[in-house]
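Some notes on the structure that comes next.
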Amino acid sequence: MYAMRLLLPFAAALALLAGCTRARVTTEIKSGGAFTRSVALTAPEKKEGQMNMGDSIEDDFVLPAEGWKSTKETKDSNVTTTFTRTFAVGTPVKGDLTIKEDNKPALVNEVSVTRLGPKRYEYRETLRWVGESTAGMRAKPEDLTQLKAALPPALATDENAQALATKMGELALPVLFGPGDPLLTMGLIHPDLAGRRLSQRIGGVMMKALEVQFGDKMTLAQRRAVVMKMVDTTIVNSKPSQPDPANGPPSSKGGGLVPLMFIVKTPGKIVSSNGEIDELTGEAFWGLYPPAAALKPVVLTAVIEMDQD
């Protein structure tokens, strides 16, 4: 799909933004339900006399406050600061991962581990977008005009075009930004494959949605044409606006494209989860970017069963 190729001119800028800082949050759940949080924040090492192209962790994150222990490790020209703290079962934890945009919180988390029954616990982490309006991700008037043009004349209303654009945004956001395997990353190195994956993951769902909404008022060919147009439009409007790499790093500070990894580990067994399971380690994990929570909160869950309590 041609729209995926529109991402290519921004590859260099995205590499600068998404490759500079990152976060890895590990929740280790122990017998009895106590859990240890490890928030590892990585940024490029600042070296005297060298141009620093990336942000520091202070630019992109609100750091965990008192009560947390911190350690630092330097590796491959990156500095990782890890904050750790242990909590009793049932303790709500808020904001130990807070991402900033223009020096203001944009994404905040809350997490808890609760007892479901004997030897059984639930991990639940919610990511909420609290930053600026997500209007930049919504369809523009010219995009709605294109959607209307793809609809049969009798259905080509502003209301129908807006409803379809909204639905497509809801479906495409997690596909592009995660959790799972975010296609944003793939789009930088293999745009044709990313376009095909996007079509594969949500094309069939949208085809069915159009069939339910409009019935025999639209032919199969018309539904397919509308979905293809919606996929292309959604990719263009979901990609963040990027500066010209020739002008140097962006002047405004923000972690909008910080890669995030969440991991749950335990001596017990993860019996269900909406994340992926690493069969080798027995851990659950989720990979995503902050815009995944732009339209609605992202909730990560895992149910753990212990051998002993």
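Labels for the structure tokens follow display order: chains A, B, ..., residues from 1 in each chain, ligands from 1.
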
request  = Mind the document's chain letters and residue numbers, and return as JSON, numbers by chain the residues of region 24-150 of chain A that DSSP labels strand (DSSP E or B).
outcome  = {"A": [24, 25, 26, 27, 28, 29, 35, 36, 37, 38, 39, 40, 41, 42, 43, 44, 61, 62, 69, 70, 71, 72, 73, 74, 75, 78, 79, 80, 81, 82, 83, 84, 85, 86, 87, 93, 94, 95, 96, 97, 98, 99, 100, 101, 104, 105, 106, 107, 108, 109, 110, 111, 112, 113, 114, 115, 116, 117, 120, 121, 122, 123, 124, 125, 126, 127, 128, 129]}

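Proximity to Phe83 (chain A) at 7 Å, evaluated using only C-alpha atoms and with sequence-adjacent residues fewer than 2 positions away removed, yields Ser38, Val39, Ala40, Trp68, Lys69, Ser70, Thr71 and Thr81 of chain A.
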
Counting only C-alpha atoms, which residues in region 109-220 of chain A sit no more than 6 Å from region 283-295 of chain A? For each one, give the nearest pair of atoms and the distance in Å, sorted by chain then residue number, as JSON lines.
```
{"residue": "A:Arg128", "atom": "CA", "partner": "A:Ala293", "partner_atom": "CA", "distance": 5.9}
{"residue": "A:Trp129", "atom": "CA", "partner": "A:Ala294", "partner_atom": "CA", "distance": 5.4}
{"residue": "A:Leu173", "atom": "CA", "partner": "A:Ala292", "partner_atom": "CA", "distance": 5.9}
{"residue": "A:Pro174", "atom": "CA", "partner": "A:Ala292", "partner_atom": "CA", "distance": 5.5}
{"residue": "A:Phe177", "atom": "CA", "partner": "A:Ala292", "partner_atom": "CA", "distance": 5.1}
{"residue": "A:Gly178", "atom": "CA", "partner": "A:Leu288", "partner_atom": "CA", "distance": 4.3}
{"residue": "A:Pro179", "atom": "CA", "partner": "A:Leu288", "partner_atom": "CA", "distance": 4.7}
{"residue": "A:Gly180", "atom": "CA", "partner": "A:Gly287", "partner_atom": "CA", "distance": 5.7}
```

message = Excluding Asp309 (chain A) and its own-chain neighbours fewer than 4 positions away, which residues fall within 6 Å of it when counting only C-alpha atoms? Please give them as a list in words.
response = Ser31, Gly32 and Lys119 of chain A

query = Between A:Leu198, A:Ala149, A:Ala106, A:Ala34, which is the closest to Val130 (chain A) once you count only C-alpha atoms?
reply = A:Ala106

Spatial neighbours of Leu171 (chain A), 12 Å, only C-alpha atoms, chain gap at least 2 places, as an MDAnalysis selection string = chainID A and resid 164:169 173:178 198:199 201:206 209 227 230:231 234:235 238 292 295:296

Same residues, C-alpha atoms, output as a PDB file, in the first residue's frame:
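Output saved as selection-v5.pdb:
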```pdb
ATOM      1  CA  LEU A 164     -15.846   4.963   9.470  1.00  0.00           C
ATOM      2  CA  ALA A 165     -12.741   7.063  10.155  1.00  0.00           C
ATOM      3  CA  THR A 166     -13.316   6.810  13.907  1.00  0.00           C
ATOM      4  CA  LYS A 167     -13.787   3.051  13.729  1.00  0.00           C
ATOM      5  CA  MET A 168     -10.643   2.631  11.672  1.00  0.00           C
ATOM      6  CA  GLY A 169      -8.628   4.661  14.156  1.00  0.00           C
ATOM      7  CA  LEU A 173      -3.979   2.256  16.764  1.00  0.00           C
ATOM      8  CA  PRO A 174      -3.042  -0.984  18.585  1.00  0.00           C
ATOM      9  CA  VAL A 175      -1.844  -2.525  15.330  1.00  0.00           C
ATOM     10  CA  LEU A 176       0.491   0.399  14.673  1.00  0.00           C
ATOM     11  CA  PHE A 177       1.654   1.088  18.239  1.00  0.00           C
ATOM     12  CA  GLY A 178       1.034  -2.177  20.142  1.00  0.00           C
ATOM     13  CA  LEU A 198      -1.989  -3.913   8.521  1.00  0.00           C
ATOM     14  CA  SER A 199      -4.357  -4.999   5.786  1.00  0.00           C
ATOM     15  CA  ARG A 201      -4.933  -7.717  10.693  1.00  0.00           C
ATOM     16  CA  ILE A 202      -7.783  -5.246  10.322  1.00  0.00           C
ATOM     17  CA  GLY A 203      -8.970  -5.506   6.724  1.00  0.00           C
ATOM     18  CA  GLY A 204     -11.263  -8.456   7.364  1.00  0.00           C
ATOM     19  CA  VAL A 205     -12.671  -6.871  10.514  1.00  0.00           C
ATOM     20  CA  MET A 206     -13.533  -3.669   8.655  1.00  0.00           C
ATOM     21  CA  ALA A 209     -18.190  -4.024   9.960  1.00  0.00           C
ATOM     22  CA  VAL A 227     -11.403  -0.446   3.437  1.00  0.00           C
ATOM     23  CA  MET A 230      -9.329   3.731   5.081  1.00  0.00           C
ATOM     24  CA  VAL A 231      -6.178   1.683   5.705  1.00  0.00           C
ATOM     25  CA  THR A 234      -5.193   5.749   8.803  1.00  0.00           C
ATOM     26  CA  ILE A 235      -1.485   5.055   8.315  1.00  0.00           C
ATOM     27  CA  SER A 238      -1.456   7.818  12.784  1.00  0.00           C
ATOM     28  CA  ALA A 292      -1.234   3.012  21.945  1.00  0.00           C
ATOM     29  CA  LEU A 295      -7.780   6.828  22.346  1.00  0.00           C
ATOM     30  CA  LYS A 296      -8.478   4.608  25.357  1.00  0.00           C
TER      31      LYS A 296
END
```

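Straight-line separation from CA of Gly90 (chain A) to CA of Thr126 (chain A): 15.1 Å.
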
request  = as a ChimeraX atom specification, please: all residues of region 51-255 of chain A that backbone DSSP puts in helix (DSSP H, G or I).
outcome  = /A:57-60,134-137,141-150,153-155,158-177,183-189,191-217,220-238,245-247

inquiry  = Neighbouring residues of Leu155 (chain A) were defined as those with any atom within 9 Å, considering only C-alpha atoms; residues of the same chain fewer than 4 positions away were excluded. Please report them as a ChimeraX atom specification.
reply    = /A:148,151,160-161,214,217-218

Pick from A:Glu110, A:Glu58, A:Glu28, A:Glu276 nearest to Val299 (chain A), counting only C-alpha atoms =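 With only C-alpha atoms as the atom set, the closest residue is A:Glu110.
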
query = Hey, can you check how far CA of Asp59 (chain A) sits from CA of Asn103 (chain A)?
reply = 7.0 Å

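Between CA of Lys75 (chain A) and CA of Asp60 (chain A) the interatomic distance comes to 19.8 Å.
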
task = Please identify all polymer residues within 10 Å of Arg24 (chain A), counting only C-alpha atoms, omitting same-chain residues fewer than 2 positions from it, and present them as a ChimeraX atom specification.
result = /A:22,26,38-42,80,82,97,259-263,287

Suppose we keep C-alpha atoms; can you now write the selection as a tab-separated table (two decimals), in the first residue's frame?
```tsv
chain	number	residue	atom	x	y	z
A	22	ARG	CA	13.46	3.49	26.25
A	26	THR	CA	9.51	-5.65	35.22
A	38	SER	CA	11.98	-2.63	38.47
A	39	VAL	CA	11.74	0.41	36.19
A	40	ALA	CA	14.78	0.50	33.90
A	41	LEU	CA	15.15	3.76	31.93
A	42	THR	CA	17.82	3.95	29.23
A	80	THR	CA	20.48	2.60	32.20
A	82	THR	CA	17.03	1.16	37.28
A	97	LEU	CA	6.19	5.08	34.85
A	259	PRO	CA	9.69	2.09	23.16
A	260	LEU	CA	8.08	0.47	26.19
A	261	MET	CA	8.48	-3.12	27.38
A	262	PHE	CA	6.50	-4.59	30.28
A	263	ILE	CA	7.46	-7.97	31.77
A	287	GLY	CA	5.82	-4.25	23.73
```
